[in-house]
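The structure file final_21.txt is reproduced below (compact mmCIF, C-alpha atoms).
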# COMPACT_ATOMS: atom_id res chain seq x y z
CA THR I 1 -0.20 32.60 -37.35
CA PHE I 2 -2.06 29.62 -38.82
CA VAL I 3 1.03 27.42 -38.24
CA PHE I 4 1.34 28.66 -34.63
CA ALA I 5 -2.37 28.08 -33.97
CA THR I 6 -2.17 24.58 -35.45
CA ILE I 7 0.91 23.65 -33.41
CA PHE I 8 -0.73 25.03 -30.24
CA ALA I 9 -3.97 23.09 -30.90
CA VAL I 10 -2.12 19.83 -31.57
CA SER I 11 0.10 20.30 -28.50
CA ALA I 12 -2.91 20.95 -26.29
CA ALA I 13 -4.71 17.91 -27.65
CA LEU I 14 -1.73 15.60 -27.10
CA ALA I 15 -0.69 16.92 -23.68
CA PRO I 16 -1.55 14.67 -20.73
CA PRO I 17 -4.30 15.97 -18.47
CA ALA I 18 -3.18 18.09 -15.53
CA VAL I 19 -4.24 15.42 -13.04
CA ALA I 20 -1.76 12.99 -14.58
CA ALA I 21 1.05 15.20 -13.33
CA MET I 22 -0.25 15.19 -9.74
CA ALA I 23 1.95 13.25 -7.40
CA CYS I 24 0.22 10.48 -5.52
CA ASP I 25 1.50 10.60 -1.97
CA HIS I 26 0.32 7.06 -1.28
CA GLN I 27 1.61 5.30 -4.38
CA PHE I 28 2.75 1.70 -3.99
CA GLY I 29 6.46 1.82 -3.23
CA SER I 30 6.29 5.17 -1.37
CA PRO I 31 7.82 5.30 2.09
CA HIS I 32 5.49 6.30 4.94
CA GLN I 33 6.36 6.81 8.59
CA LEU I 34 4.61 5.99 11.85
CA THR I 35 5.72 7.94 14.90
CA ASP I 36 5.22 6.66 18.42
CA ALA I 37 6.44 7.37 21.95
CA GLY I 38 6.33 11.14 21.48
CA GLY I 39 8.54 10.95 18.40
CA ALA I 40 11.24 8.74 19.93
CA VAL I 41 10.22 5.75 17.79
CA VAL I 42 9.76 6.16 14.04
CA GLN I 43 9.13 3.21 11.77
CA GLU I 44 9.15 3.57 8.00
CA TRP I 45 6.99 1.26 5.89
CA ILE I 46 7.11 0.61 2.14
CA VAL I 47 4.50 -1.65 0.52
CA SER I 48 4.53 -2.52 -3.17
CA ASP I 49 3.45 -4.99 -5.81
CA LEU I 50 -0.01 -6.09 -4.61
CA ARG I 51 -0.90 -9.13 -6.73
CA THR I 52 -2.38 -12.62 -6.75
CA SER I 53 -0.04 -15.15 -5.21
CA ALA I 54 0.97 -18.72 -5.99
CA ALA I 55 2.53 -19.10 -2.52
CA VAL I 56 1.73 -22.20 -0.53
CA LEU I 57 1.17 -21.17 3.07
CA PRO I 58 2.09 -23.99 5.49
CA GLY I 59 -0.92 -25.31 7.39
CA TYR I 60 -3.34 -22.80 5.85
CA ALA I 61 -6.23 -23.68 3.52
CA ALA I 62 -7.29 -20.49 1.73
CA ARG I 63 -11.03 -19.79 1.54
CA GLY I 64 -10.48 -17.58 -1.49
CA GLN I 65 -7.50 -16.47 -3.60
CA VAL I 66 -4.27 -15.68 -1.76
CA TRP I 67 -2.86 -12.27 -2.62
CA GLU I 68 0.50 -10.88 -1.59
CA ALA I 69 2.39 -7.61 -1.41
CA SER I 70 6.05 -6.92 -0.77
CA ALA I 71 6.80 -4.96 2.39
CA THR I 72 9.82 -3.38 4.04
CA VAL I 73 9.83 -1.90 7.51
CA ARG I 74 12.79 0.14 8.79
CA ALA I 75 13.53 1.47 12.25
CA ALA I 76 14.17 5.10 11.30
CA SER I 77 14.51 6.10 14.95
CA GLY I 78 14.54 4.01 18.09
CA THR I 79 13.77 0.30 18.39
CA VAL I 80 10.82 -0.93 16.32
CA THR I 81 8.73 -4.09 16.48
CA PRO I 82 6.52 -4.18 13.36
CA ILE I 83 2.86 -4.64 14.24
CA ILE I 84 1.99 -6.67 11.17
CA PRO I 85 -1.64 -7.49 12.19
CA ASN I 86 -2.53 -3.81 11.55
CA LEU I 87 -2.22 -4.34 7.78
CA TYR I 88 -5.18 -4.97 5.44
CA ALA I 89 -5.75 -5.33 1.72
CA VAL I 90 -8.72 -3.16 0.76
CA THR I 91 -11.10 -3.14 -2.20
CA ALA I 92 -12.32 0.01 -3.97
CA ASP I 93 -15.63 -0.27 -2.08
CA GLY I 94 -13.88 -0.57 1.31
CA GLN I 95 -14.01 -4.33 1.96
CA ARG I 96 -11.00 -5.33 4.08
CA TYR I 97 -8.97 -8.52 4.10
CA PRO I 98 -6.70 -8.83 7.15
CA VAL I 99 -3.08 -9.81 6.68
CA LEU I 100 -2.39 -13.48 7.41
CA TRP I 101 0.21 -12.52 10.03
CA GLN I 102 -0.15 -15.75 12.01
CA ILE I 103 1.02 -17.94 9.09
CA ALA I 104 4.74 -18.71 9.29
CA SER I 105 6.29 -18.54 5.84
CA PRO I 106 9.96 -18.29 4.87
CA GLN I 107 9.06 -15.45 2.47
CA GLY I 108 6.81 -13.62 4.98
CA LEU I 109 7.70 -10.35 6.68
CA PRO I 110 9.23 -11.24 10.06
CA ALA I 111 7.85 -9.53 13.16
CA SER I 112 11.24 -9.41 14.85
CA THR I 113 12.41 -6.30 16.69
CA LEU I 114 14.65 -3.95 14.70
CA GLY I 115 17.33 -1.69 16.12
CA GLN I 116 17.63 1.86 14.83
CA GLY I 117 18.69 1.79 11.18
CA GLN I 118 17.84 -1.89 10.68
CA SER I 119 15.20 -3.05 8.21
CA SER I 120 13.33 -6.20 7.32
CA THR I 121 11.67 -7.20 4.04
CA GLY I 122 9.18 -9.94 3.17
CA ALA I 123 5.77 -10.77 1.79
CA LEU I 124 2.40 -9.92 3.29
CA TYR I 125 -0.38 -12.42 2.52
CA PHE I 126 -4.13 -11.85 2.35
CA ASP I 127 -6.99 -14.34 1.79
CA VAL I 128 -9.25 -12.53 -0.70
CA THR I 129 -12.75 -13.99 -0.59
CA GLY I 130 -14.59 -11.35 -2.62
CA SER I 131 -13.70 -8.36 -4.78
CA GLU I 132 -10.07 -7.83 -5.73
CA PRO I 133 -8.11 -5.48 -3.48
CA MET I 134 -6.62 -2.27 -4.86
CA ALA I 135 -4.85 -0.98 -1.76
CA VAL I 136 -2.99 -1.92 1.41
CA ILE I 137 -3.56 0.07 4.59
CA TYR I 138 -2.04 0.18 8.07
CA ASP I 139 -4.91 0.68 10.51
CA ASN I 140 -4.77 0.54 14.29
CA GLY I 141 -8.29 1.88 14.78
CA THR I 142 -7.57 4.78 12.44
CA THR I 143 -6.08 4.42 8.98
CA LYS I 144 -2.51 5.66 9.44
CA LEU I 145 -0.79 4.58 6.21
CA MET I 146 -2.03 3.70 2.75
CA TRP I 147 -0.65 2.51 -0.56
CA CYS I 148 -3.12 2.41 -3.43
CA CYS I 149 -1.90 4.15 -6.55
CA ASN I 150 0.00 2.29 -9.19
CA GLY I 151 2.38 4.14 -11.47
CA SER I 152 -0.22 4.58 -14.20
CA MET I 153 -2.91 6.14 -12.02
CA THR I 154 -4.11 9.36 -13.59
CA MET I 155 -7.30 10.15 -11.69
CA SER I 156 -7.53 13.17 -9.45
CA MET I 157 -6.79 12.43 -5.80
CA ASP I 158 -10.15 14.10 -5.08
CA ASN I 159 -11.76 10.99 -6.61
CA CYS I 160 -9.47 8.40 -5.05
CA PRO I 161 -11.71 5.90 -3.22
CA MET I 162 -9.16 5.59 -0.42
CA CYS I 163 -8.52 9.31 0.19
CA ALA I 164 -11.90 9.92 1.82
CA ASP I 165 -10.93 7.61 4.71
CA MET I 166 -7.57 9.32 5.11
CA GLN I 167 -9.07 12.84 5.14
CA GLY I 168 -12.01 12.08 7.44
Structure re-expressed in structure tokens:
Amino acid sequence: TFVFATIFAVSAALAPPAVAAMACDHQFGSPHQLTDAGGAVVQEWIVSDLRTSAAVLPGYAARGQVWEASATVRAASGTVTPIIPNLYAVTADGQRYPVLWQIASPQGLPASTLGQGQSSTGALYFDVTGSEPMAVIYDNGTTKLMWCCNGSMTMSMDNCPMCADMQG
């Protein structure tokens, strides 16, 4: 029984905490859907890889550090025109940096209309003038979509600084 007790104690000590196993439903790279027109129009968004950027944005002088994220939007149902200005990079304390949607860049996410089943991929740019962002949200007056958890996040979703906005 000593061997069993020792193995059990070592296993318990080395096991990851239970919160590490919790799935984060707003992890970077997760698909999220927006439904409009009574369900006739469904657009699916995926945002990933929020990071500092070395991109040169034509005709734009950054006031801070330019950050970027990769984004894909797909017309899951109906015809979709991505409303890119509804995207923001957000800090842990809630400061928002609007997407630089008005800057034309060959790598940027195009705002062109997509037919059902079509998708478009490109970069989203943000001018970060304060604290570093940790999330990207889609907000049209109410936060509708959010990506904030990286693959190594192990905190409980109860303590996620972004979840409070989504639940309220």
Counting all atoms listed in the file, the residue among I:Ser120, I:Asn86, I:Gln65, I:Thr35 that lies closest to Met146 (chain I) is I:Asn86
Mind listing whatever residues come within 12 Å of the point (7.8, 7.6, 10.7)? Use only C-alpha atoms, file coordinates, and give them as a count of residues only. 25
Mind listing as a PyMOL selection string all residues within 10 Å of (-5.7, -2.3, -1.3), counting only C-alpha atoms? chain I and resi 28+50-51+69+87-92+94-97+132-137+146-149+162
Which residues are close to region 103-113 of chain I, i.e. within 8 Å by all atoms listed in the file, leaving aside same-chain residues fewer than 5 positions away? Reply as a ChimeraX atom specification. /I:57-60,71-72,79-84,120-125
Just to confirm, what's the straight-line distance from CA of Gln116 (chain I) to CA of Asp49 (chain I) in Å (one decimal)?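 Pair CA of Gln116 (chain I) / CA of Asp49 (chain I) returns 26.0 Å.
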Separation of CA of Thr143 (chain I) and CA of Gly64 (chain I), in Å? 24.8 Å
